[in-house]
Amino acid sequence: MWFSESIHMALTSLLANRLRSLLTMLGMIIGVAAVIIMVAIGMGVKKNITDSISGMGSNMVMLLPGSADSDDVQGAAGSDRTLTLDDAAAIAKEIPHIAHLSPVVNQTVPLVAGNKNWTTTLYGVTPDYLYIRNLATRSGLFLTADDLHSRRRVAVLGLTVAKKLFQSQNPVGQTVRISGQPYRIIGVLDSKGASVWGDDQDDVILIPLTTAQERLLGITYLQGIMMQVDTPPYIDGVQGAVINIMRQRHHIQPGQDDDFTVQTLQSIQQTLHKTGAMLTLFLGSIAAISLLVGGIGIMNIMLVSVTERTREIGIRKALGATYAAIMLQFLIESVVISVLGGLAGIAVGCLSARLLSGIGNIETQITLFPILLSFAFSVGTGIFFGLYPARKAALKDPIDALRYE
C-alpha cells in the first residue's frame, strides 16, 4: 500500500505538470533515439562489409607477387613479376583441399564497339574463376577450357561495360575491340555491385588467360593466383601450405622476406570488422553523451519541483510521512520520467533508423542489444540523477516547510 501510494502520488504530480514533464522527457527521448540510430548505422556498415566480402568469393585464398611488409614501394603486394604458371601448376598439384584455382592477369584497356568506347579493367582468367568469385552469367556462356587451350579471342562482359557499350541491346554474339583487336562476346555477367572498397565489380571484361598473356599483353608472369578451398576449416592449412611451397620454389632462405603475399578473405574481413566495431563504439559513445545531458535535465527539473512543493512536503511530514516515503515519491517521479522517455526514445530511434534505410542511402541494422542497453541506461540515469533531489526533499525540515509561502 505504501509503495503503490507513492507511485500514485508521483504520477499525479507529473500529470499536473504535463508540459514540464514532457519537456523533461525530451532530453531522454533524444538520447535514447540517438544511441539506437548511431548503433544501427554502425551495424549497417558492418553488415555491408560482410555482404561485400561474401560477394567477392567464398573460401578464397589469394596469392599475390611482392611482399606486403616490404618498405620498398616496388616490392608492394601485386607489383612484382615473381609468379608464373609453373607456380600455379605446382600449387594445384601438391596442395590438397583446393577446389578451384585460377591464375590471373589484369590491365586497364580501352574498348570500342561501334561508335561507343569505354575504358575498363581486363582480367585474363581460367574457367575456374567463375566458381572462385561466385559469378553467374546473365546471358550467354562463360569461358571454357577449349577457349583457354585454343587462345581464342572471346570475351565475357561485366554488366556496366555491357550497358556502356551496347545500352539495351544484347551484346552476345557481337564484337568488341580490345586495344584495337577484335573479340567476340560470348556472355554477360550478372551484377555484383560495388566492392567493400567502393569499386564497381561490374566494370570488367574477362578473356582467356592464355589469350591475355600471349596475344594481347605479351607477358609470361602472373599478377595473382586465386584459389577456392573446398571447406572453411582448411583455409588456414592451405594458406600455410601455399607459403611453404612458394618459399621452396623461389629458394627463399630462413630469415629472408617472402617475395609474395598470401591473403584470405577471412583476414580482410576481420580487419574491416574491427574498423566497423570501432566506428559503432565511437558513434554509440557520442550518442550516449546526450543521455547524460537528459539525466542532468531531469535532476534540474526535479530540484525546481522540490522547491515549488516545499509546503506539500511539510504537510506530509506533519501528517507522519517518513524520510523514506518522501524520498521514494520524488525518486519514482524521476524514474517514471526516464522510463517513459526511454520507451518513447526507442520508438523514435527505431522509426528514424527505418526511415534512413528506406529513404536515404544509409544502410541501417536494428538489433535488440542497443535497444535494451539504451533503455537500461536511461532508467539508471533517472535513478542516479533523481537521488539528489529526492534526498533534498526528504531532508527538508517540516516546521520550515509549513511556514513556507
# chains A, B, ... in the order shown; residues from 1 in each chain; ligands from 1
$ residues_around --residues "Ile132 of chain A" --least-positions-apart "2" --cutoff "7 Å" --atoms "only C-alpha atoms" --output "ChimeraX atom specification"
/A:57-58,60,100,128-130,134,227-228
$ residues_around --residues "Pro370 of chain A" --least-positions-apart "6" --cutoff "10 Å" --atoms "only C-alpha atoms" --output "PyMOL selection string"
chain A and resi 32+35-40+284+346+376
$ write_last_selection --atoms "N, CA and C atoms" --output "PDB file, in the first residue's frame"
ATOM      1  N   VAL A  32      18.154   8.413 -26.089  1.00  0.00           N
ATOM      2  CA  VAL A  32      17.925   7.003 -26.435  1.00  0.00           C
ATOM      3  C   VAL A  32      17.815   6.832 -27.939  1.00  0.00           C
ATOM      4  N   VAL A  35      21.277   7.012 -29.593  1.00  0.00           N
ATOM      5  CA  VAL A  35      22.060   5.783 -29.410  1.00  0.00           C
ATOM      6  C   VAL A  35      21.604   4.706 -30.390  1.00  0.00           C
ATOM      7  N   ILE A  36      20.291   4.501 -30.491  1.00  0.00           N
ATOM      8  CA  ILE A  36      19.757   3.458 -31.383  1.00  0.00           C
ATOM      9  C   ILE A  36      20.102   3.753 -32.833  1.00  0.00           C
ATOM     10  N   ILE A  37      19.961   5.006 -33.252  1.00  0.00           N
ATOM     11  CA  ILE A  37      20.245   5.373 -34.643  1.00  0.00           C
ATOM     12  C   ILE A  37      21.724   5.199 -34.959  1.00  0.00           C
ATOM     13  N   MET A  38      22.588   5.702 -34.074  1.00  0.00           N
ATOM     14  CA  MET A  38      24.026   5.621 -34.344  1.00  0.00           C
ATOM     15  C   MET A  38      24.513   4.180 -34.378  1.00  0.00           C
ATOM     16  N   VAL A  39      24.045   3.360 -33.445  1.00  0.00           N
ATOM     17  CA  VAL A  39      24.455   1.949 -33.426  1.00  0.00           C
ATOM     18  C   VAL A  39      23.883   1.226 -34.642  1.00  0.00           C
ATOM     19  N   ALA A  40      22.662   1.568 -35.051  1.00  0.00           N
ATOM     20  CA  ALA A  40      22.065   0.955 -36.243  1.00  0.00           C
ATOM     21  C   ALA A  40      22.870   1.277 -37.484  1.00  0.00           C
ATOM     22  N   GLY A 284      28.188   5.238 -30.900  1.00  0.00           N
ATOM     23  CA  GLY A 284      27.370   4.989 -29.724  1.00  0.00           C
ATOM     24  C   GLY A 284      27.812   5.810 -28.530  1.00  0.00           C
ATOM     25  N   ILE A 346      12.963   4.825 -27.795  1.00  0.00           N
ATOM     26  CA  ILE A 346      13.094   3.576 -28.561  1.00  0.00           C
ATOM     27  C   ILE A 346      12.223   3.635 -29.815  1.00  0.00           C
ATOM     28  N   ALA A 376      18.056   0.536 -20.439  1.00  0.00           N
ATOM     29  CA  ALA A 376      18.588   0.320 -19.095  1.00  0.00           C
ATOM     30  C   ALA A 376      19.412   1.524 -18.641  1.00  0.00           C
TER      31      ALA A 376
END
$ closest_residue --among "A:Ile362, A:Ile95, A:Val379, A:Ile326" --to "Met9 of chain A" --atoms "only C-alpha atoms"
A:Ile326
$ closest_residue --among "A:Ala113, A:Ala10, A:Ile313, A:Leu23" --to "Gly180 of chain A" --atoms "only C-alpha atoms"
A:Ala113
$ residues_around --residues "segment 232-241 of chain A" --least-positions-apart "4" --cutoff "12 Å" --atoms "only C-alpha atoms" --output "VMD selection string"
chain A and resid 58 to 63 90 to 92 94 to 99 226 to 228 245 to 248 261 to 267
$ select_by_dssp --residues "segment 74-218 of chain A" --states "strand (DSSP E)" --output "JSON, numbers by chain"
{"A": [98, 99, 100, 101, 102, 103, 104, 105, 106, 107, 108, 109, 110, 111, 112, 113, 116, 117, 118, 119, 120, 121, 122, 123, 124, 125, 137, 138, 139, 140, 154, 155, 156, 157, 175, 176, 177, 178, 181, 182, 183, 184, 185, 186, 187, 188, 189, 204, 205, 206, 207, 208]}
